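Here is the structure we will look at.
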Amino acid sequence: MNILIMGMGYVGVTTALLLTELGWNVTGLDPNESRIRMLSQGVLPFYEPGLDDALRKHLASGGITFTSEVDMAVCDNEVIFLCVGTPSGSDGSADLRFIKEAAESIGKNMPGYRLVVIKSTVPVGTNEQVVQWITQAQLTAISFDVISNPEFLREGSALRDALEPDRIIIGSENDQATERLRSLYEKLSCPVVVTKPKTAELIKYAANAFLATKISYINELARLCTKLGVNIADVAVGIGMDHRIGAHFLRAGIGYGGSCFPKDIHALLFTAQEHDLSLTILEKVVQVNQSQAVYYLDIWEQLLGSFNGKTIAVLGISFKPDTDDIREAPAIGIIAKLLKSSAVIRVHDPVAKLPGSMYSEQLQQFDSLEETIQDCDAVILCSEWKPYITADWGQLKSLLKQPFLLDGRNMLDGAQLTSQGYHYSGIGMNWTQMHK
Ligand SMILES: NC(=O)C1=CN([C@@H]2O[C@H](COP(=O)(O)OP(=O)(O)OC[C@H]3O[C@@H](n4cnc5c(N)ncnc54)[C@H](O)[C@@H]3O)[C@@H](O)[C@H]2O)C=CC1
Ligand SMILES: O=C(O)[C@H]1O[C@H](OP(=O)(O)OP(=O)(O)OC[C@H]2O[C@@H](n3ccc(=O)[nH]c3=O)[C@H](O)[C@@H]2O)[C@H](O)[C@@H](O)[C@@H]1O
């Protein structure tokens with residue numbers, strides 16, 4: 001079966017390589033020609049561990065090809081996955097402009113039956129809307145089906161997540177179409193849930209919102225731990241052993257970021273509002289997340305006296321380790337606050353780059369960790385990249401002007417660092433009180 005994947009971002013490239021790995025003939029389509037050129041040459045347009053090897057392997061075997069020519073691509077492929085972006089609109093709703101464009105180009109160019117699979121995260125009701133957009137764009141009536149098949153992979157472990165999913169959700173009104181999609185995934189061993197398209201669409205938002213809720217819950221509790229002199233990590237271990245709670249997504253920190261949790265929760269809140277409903281728990285989840293980094297920055301500013309005129313190293317600007325994605329990254333908010341407080345900021349990240357427009361005399365990025373922290377008054381750790389965890393902080397201390405280590409992800413060993421002479425402070429702990 002020939003498969004077309006529309007949208008060559010994190011999800012589209014991963015899905016394309018997953019389906020190639022499962023033995024299908026795949027074409028990746030994107031209007032961004034430089035992206036297509038890079039992919040055709042075996043170069044990933046973003047950082048994602050393991051994906052580059054899979055890309056080169058499948059280019060060599062001829063299982064995957066890339067194009068920007070939508071008319072030919074729609075003609076040549078019977079199954080079409082939509083993996084285009086669904087960013088936040090200015091009112092918080094999901095902006096479906098790329099979905100609409102893709103649907104219309106399918107309608108215009110399809111020479112016969114097509115199975116269209118929506119993998120992008122889209123609001124409840126979008127499946128029906130895509131049916132309308134395709135129908136309206138058709139020159140003559142040709143049959144097709146639209147199935148909702150939301151994606152649950154994470155950046156940083158995208159290919160592994162796609163190869164070993166916890167479940168596959170299929171939202172479909174048509175049994176034949178369902179079986180067709182199910183057959184594409186038959187080599188994967190995981191439960192397949194077949195449901196209505198609207199239910200599938202809501203499952204995706206409900207999953208992301210629930211995970212974000214766990215994070216904001218532990219983060220708010222972390223603030224209490226800081227006051228009580230209790231370590232939030234110990235509390236998380238203690239509650240996480242209860243299988244009804246589960247150990248995952250209970251790592252306290254400076255808040256969640258990324259291209260999905262913030263936008264998807266806003267979109268879900270918008271959907272509720274459209275139906276005259278407030279999702280009050282989720283509103284608080286957002287509120288806690290938006291104030292979490294600021295809450296700890298205030299504590300750290302008091303430790304230092306003031307940020308004004310101080311030189312601060314900010315380590316790890318991606319929204320989490322193992323990705324170059326800085327969309328909604330907590331580090332970017334922290335940098336903005338430090339700039340306002342008249343600090344000088346020296347940034348480091350193993351792969352992510354500050355946008356050129358952010359550079360100034362007050363804010364610069366360096367290639368080496370050593371150069372970044374040279375003569376700094378404090379180091380703020382924003383995402384738990386391995387090189388920061390394994391760094392020899394005992395040795396690095398001599399480079400600092402003042403040995404303040406402010407750990408926004410609780411990734412370092414506070415006891416060891418304190419014994420090495422550091423002033424260490426993390427999230428949801430009060431080092432002085434805990435070790436009195
Ligand atoms: N990034 C992630 O980890 C996950 C994302 N998702 C969802 O998947 C969708 C895609 O996300 P990402 O891959 O992160 O997006 P992205 O922003 O990395 O990539 C989207 C791509 O779609 C392309 N595109 C736009 N219009 C197009 C069209 N008409 N035809 C073909 N390509 C077109 C863009 O040029 C871009 O390369 C979103 O709805 C997102 O919420 C779901 C699960 C995980
Ligand atoms: O819809 C999406 O795009 C994806 O969103 C998240 O994946 P992702 O954003 O790649 O990354 P996560 O690992 O979920 O981390 C998100 C944020 O939460 C933070 N986080 C995560 C876990 C935790 O315990 N504490 C915590 O603060 C991370 O640092 C990061 O900033 C979901 O985990 C995926 O299932 C989903 O497919």
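Going by the structure tokens order, chains are called A, B, ..., each with residues numbered from 1, while ligands are numbered from 1 in the order shown.
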Produce a table with one row for each residue of chain A that has an atom at most 8 Å from any atom of ligand 1, each row naming the nearest atom pair and its distance in Å at one decimal; use only C-alpha atoms and all ligand atoms; arrange rows by chain and rising residue number; format as a tab-separated table.
```
residue	atom	partner	partner_atom_place_in_ligand_line	distance
A:Ile5	CA	ligand 1	31 (C)	7.8
A:Met6	CA	ligand 1	31 (C)	4.1
A:Gly7	CA	ligand 1	32 (N)	3.3
A:Met8	CA	ligand 1	37 (O)	4.5
A:Gly9	CA	ligand 1	19 (O)	3.2
A:Tyr10	CA	ligand 1	13 (O)	3.7
A:Val11	CA	ligand 1	13 (O)	3.8
A:Gly12	CA	ligand 1	13 (O)	5.6
A:Val13	CA	ligand 1	13 (O)	7.6
A:Leu29	CA	ligand 1	31 (C)	5.5
A:Asp30	CA	ligand 1	32 (N)	3.9
A:Pro31	CA	ligand 1	32 (N)	5.6
A:Asn32	CA	ligand 1	35 (O)	5.2
A:Arg35	CA	ligand 1	37 (O)	7.2
A:Ser68	CA	ligand 1	31 (C)	8.0
A:Val70	CA	ligand 1	30 (N)	7.5
A:Leu82	CA	ligand 1	31 (C)	7.7
A:Cys83	CA	ligand 1	10 (C)	5.0
A:Val84	CA	ligand 1	22 (O)	3.7
A:Gly85	CA	ligand 1	10 (C)	4.1
A:Thr86	CA	ligand 1	39 (O)	4.3
A:Pro87	CA	ligand 1	39 (O)	7.1
A:Phe98	CA	ligand 1	26 (N)	4.5
A:Ile99	CA	ligand 1	29 (N)	6.7
A:Lys100	CA	ligand 1	29 (N)	7.7
A:Glu101	CA	ligand 1	29 (N)	4.9
A:Ala102	CA	ligand 1	29 (N)	4.0
A:Ala103	CA	ligand 1	29 (N)	7.8
A:Ser105	CA	ligand 1	29 (N)	7.5
A:Lys119	CA	ligand 1	8 (O)	6.4
A:Ser120	CA	ligand 1	39 (O)	3.6
A:Thr121	CA	ligand 1	39 (O)	3.9
A:Val122	CA	ligand 1	39 (O)	6.3
A:Pro150	CA	ligand 1	42 (C)	6.9
A:Glu151	CA	ligand 1	43 (C)	4.6
A:Phe152	CA	ligand 1	43 (C)	4.9
A:Leu153	CA	ligand 1	44 (C)	4.9
A:Arg154	CA	ligand 1	3 (O)	4.6
A:Glu155	CA	ligand 1	3 (O)	4.6
A:Ala158	CA	ligand 1	3 (O)	7.2
A:Ser259	CA	ligand 1	1 (N)	6.2
A:Cys260	CA	ligand 1	41 (O)	5.4
A:Lys263	CA	ligand 1	41 (O)	7.9
A:Asp264	CA	ligand 1	41 (O)	7.1
```
At a cut-off of 10 Å, using only C-alpha atoms, what residues contact segment 341-347 of chain A? Leave out same-chain residues fewer than 6 positions from it and give the result as an MDAnalysis selection string. chainID A and resid 301 306:317 331 335 353:354 360:369 371:374 376:377 379:380
Atoms to include: C-alpha atoms. Write the selected residues as a compact mmCIF listing (two decimals), in the first residue's frame.
```txt
# COMPACT_ATOMS: atom_id res chain seq x y z
CA GLU A 301 16.79 36.27 43.81
CA SER A 306 19.36 40.74 43.72
CA PHE A 307 19.75 39.75 40.06
CA ASN A 308 20.54 43.35 39.15
CA GLY A 309 24.07 43.51 37.70
CA LYS A 310 24.72 39.81 38.41
CA THR A 311 25.96 37.43 35.70
CA ILE A 312 23.75 34.35 35.49
CA ALA A 313 24.36 31.16 33.48
CA VAL A 314 21.17 29.58 32.12
CA LEU A 315 21.77 25.94 31.17
CA GLY A 316 19.37 23.95 28.98
CA ILE A 317 17.04 26.19 26.97
CA ALA A 331 14.01 28.73 30.19
CA ILE A 335 15.63 34.60 30.52
CA LYS A 353 19.94 27.63 19.80
CA LEU A 354 18.65 31.00 21.00
CA SER A 360 22.25 41.36 22.78
CA GLU A 361 25.14 42.54 24.92
CA GLN A 362 23.10 41.39 27.91
CA LEU A 363 22.32 37.92 26.50
CA GLN A 364 24.69 35.54 24.71
CA GLN A 365 24.98 31.84 23.98
CA PHE A 366 28.26 29.92 24.27
CA ASP A 367 29.37 26.55 22.92
CA SER A 368 31.14 25.13 25.96
CA LEU A 369 29.79 24.70 29.47
CA GLU A 371 33.01 29.21 28.92
CA THR A 372 29.33 29.76 29.76
CA ILE A 373 29.72 29.61 33.54
CA GLN A 374 33.01 31.57 33.66
CA CYS A 376 29.03 33.80 36.86
CA ASP A 377 27.30 34.64 40.13
CA VAL A 379 23.97 28.84 37.48
CA ILE A 380 20.30 28.12 36.77
```
Report as a tab-separated table the residues of chain A within 6 Å of ligand 2, each with its shortest atom pair and distance in Å (one decimal), using only C-alpha atoms and all ligand atoms, ordered by chain and increasing residue number.
```
residue	atom	partner	partner_atom_place_in_ligand_line	distance
A:Glu151	CA	ligand 2	37 (O)	5.6
A:Phe152	CA	ligand 2	37 (O)	3.2
A:Leu153	CA	ligand 2	37 (O)	4.1
A:Arg154	CA	ligand 2	10 (O)	3.5
A:Glu155	CA	ligand 2	10 (O)	3.8
A:Asn208	CA	ligand 2	32 (C)	5.9
A:Ile215	CA	ligand 2	25 (N)	5.3
A:Phe249	CA	ligand 2	24 (O)	3.1
A:Leu250	CA	ligand 2	24 (O)	4.2
A:Arg251	CA	ligand 2	24 (O)	3.5
A:Ala252	CA	ligand 2	25 (N)	5.6
A:Gly253	CA	ligand 2	27 (O)	5.2
A:Gly255	CA	ligand 2	27 (O)	4.9
A:Tyr256	CA	ligand 2	31 (O)	3.7
A:Gly257	CA	ligand 2	31 (O)	4.0
A:Gly258	CA	ligand 2	9 (O)	5.0
A:Cys260	CA	ligand 2	3 (O)	4.2
A:Phe261	CA	ligand 2	5 (O)	5.7
A:Phe319	CA	ligand 2	31 (O)	4.6
A:Lys320	CA	ligand 2	29 (O)	4.6
```
Which of segment 186-397 of chain A fall in strand (DSSP E), as an NGL selection string: :A and (192-195 or 311-315 or 344-348 or 363-365 or 378-381)
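Closest approach to Val130 of chain A from the set A:Ile64, A:Ala272, A:Ile118, A:Leu339 is made by A:Ile118, with distances taken over only C-alpha atoms.
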List as a short mmCIF file (atom, residue, chain, number, x, y, z; two decimals) with C-alpha atoms, in the first residue's frame the protein and nucleic acid residues near Leu59 of chain A, meaning an atom at most 12 Å away when only C-alpha atoms are counted, but skip any in the same chain fewer than 2 places from it.
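File written: selection.cif
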```cif
data_model
loop_
_atom_site.label_atom_id
_atom_site.label_comp_id
_atom_site.auth_asym_id
_atom_site.auth_seq_id
_atom_site.Cartn_x
_atom_site.Cartn_y
_atom_site.Cartn_z
CA ALA A 16 6.72 8.22 7.94
CA LEU A 17 9.73 6.30 9.25
CA THR A 20 8.47 2.47 6.38
CA GLU A 21 9.95 0.33 9.18
CA ASN A 25 6.02 2.39 0.80
CA VAL A 26 5.99 5.93 2.11
CA THR A 27 6.17 9.43 0.63
CA GLY A 28 6.75 12.46 2.87
CA MET A 38 17.43 18.06 3.60
CA LEU A 39 15.31 14.97 4.21
CA SER A 40 16.06 13.65 0.70
CA GLN A 41 19.76 13.98 1.50
CA GLY A 42 19.38 12.09 4.78
CA VAL A 43 19.57 15.16 7.00
CA ASP A 52 18.54 10.26 11.56
CA ASP A 53 19.80 6.64 11.46
CA ALA A 54 16.31 5.39 10.52
CA LEU A 55 16.07 8.08 7.83
CA ARG A 56 19.38 7.11 6.20
CA LYS A 57 18.54 3.39 6.41
CA SER A 61 16.50 0.88 0.88
CA GLY A 62 14.21 3.08 -1.25
CA GLY A 63 11.30 2.62 1.16
CA ILE A 64 10.82 6.36 1.63
CA THR A 65 10.88 9.37 -0.69
CA PHE A 66 10.13 13.06 -0.16
#
```
Distance criterion (only C-alpha atoms): nearest to His266 of chain A out of A:Ser357, A:Ser143, A:Ser93, A:Ser157: A:Ser93
Quick one: everything within 12 Å of Lys397 of chain A, counting only C-alpha atoms, minus sequence neighbours fewer than 4 positions away in the same chain. Send it as a VMD selection string. chain A and resid 369 to 370 373 to 379 391 to 393 401 to 405 417 to 418 420 to 423
Output file for the selection above: N, CA and C atoms, as a compact mmCIF listing (two decimals), in the first residue's frame:
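What follows is the written file out-v8.txt:
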```txt
# COMPACT_ATOMS: atom_id res chain seq x y z
N LEU A 369 30.33 24.49 28.13
CA LEU A 369 29.79 24.70 29.47
C LEU A 369 30.76 25.56 30.29
N GLU A 370 32.06 25.27 30.17
CA GLU A 370 33.08 25.99 30.94
C GLU A 370 33.04 27.48 30.63
N ILE A 373 29.86 29.32 32.10
CA ILE A 373 29.72 29.61 33.54
C ILE A 373 30.86 30.48 34.09
N GLN A 374 31.85 30.77 33.24
CA GLN A 374 33.01 31.57 33.66
C GLN A 374 32.57 32.88 34.32
N ASP A 375 33.01 33.10 35.56
CA ASP A 375 32.76 34.34 36.31
C ASP A 375 31.28 34.62 36.58
N CYS A 376 30.46 33.59 36.58
CA CYS A 376 29.03 33.80 36.86
C CYS A 376 28.77 33.84 38.37
N ASP A 377 27.70 34.57 38.72
CA ASP A 377 27.30 34.64 40.13
C ASP A 377 26.39 33.47 40.49
N ALA A 378 25.75 32.90 39.49
CA ALA A 378 24.87 31.76 39.75
C ALA A 378 24.65 30.98 38.46
N VAL A 379 24.33 29.69 38.62
CA VAL A 379 23.97 28.84 37.48
C VAL A 379 22.53 28.41 37.69
N ALA A 391 28.41 16.31 34.58
CA ALA A 391 29.53 17.26 34.66
C ALA A 391 30.23 17.15 36.03
N ASP A 392 31.52 17.45 36.05
CA ASP A 392 32.27 17.42 37.30
C ASP A 392 32.15 18.80 37.97
N TRP A 393 31.07 18.96 38.74
CA TRP A 393 30.77 20.27 39.33
C TRP A 393 31.82 20.66 40.37
N LYS A 401 32.17 32.93 39.94
CA LYS A 401 32.46 34.01 40.88
C LYS A 401 31.83 33.69 42.23
N GLN A 402 30.58 33.22 42.19
CA GLN A 402 29.89 32.78 43.41
C GLN A 402 29.30 31.39 43.16
N PRO A 403 29.43 30.45 44.12
CA PRO A 403 29.00 29.06 43.84
C PRO A 403 27.52 28.81 44.13
N PHE A 404 26.64 29.53 43.41
CA PHE A 404 25.20 29.29 43.56
C PHE A 404 24.73 28.35 42.45
N LEU A 405 24.20 27.18 42.82
CA LEU A 405 23.64 26.25 41.82
C LEU A 405 22.14 26.16 42.04
N LEU A 417 26.87 18.42 46.40
CA LEU A 417 27.26 19.77 45.99
C LEU A 417 27.45 20.68 47.21
N THR A 418 26.58 20.50 48.21
CA THR A 418 26.71 21.32 49.41
C THR A 418 28.05 20.98 50.09
N GLN A 420 30.63 20.13 48.66
CA GLN A 420 31.72 20.70 47.84
C GLN A 420 31.76 22.23 47.95
N GLY A 421 30.90 22.78 48.78
CA GLY A 421 30.94 24.23 49.01
C GLY A 421 29.96 25.04 48.20
N TYR A 422 29.05 24.37 47.49
CA TYR A 422 28.05 25.10 46.70
C TYR A 422 26.90 25.57 47.59
N HIS A 423 26.26 26.69 47.23
CA HIS A 423 24.94 27.04 47.76
C HIS A 423 23.96 26.43 46.77
```
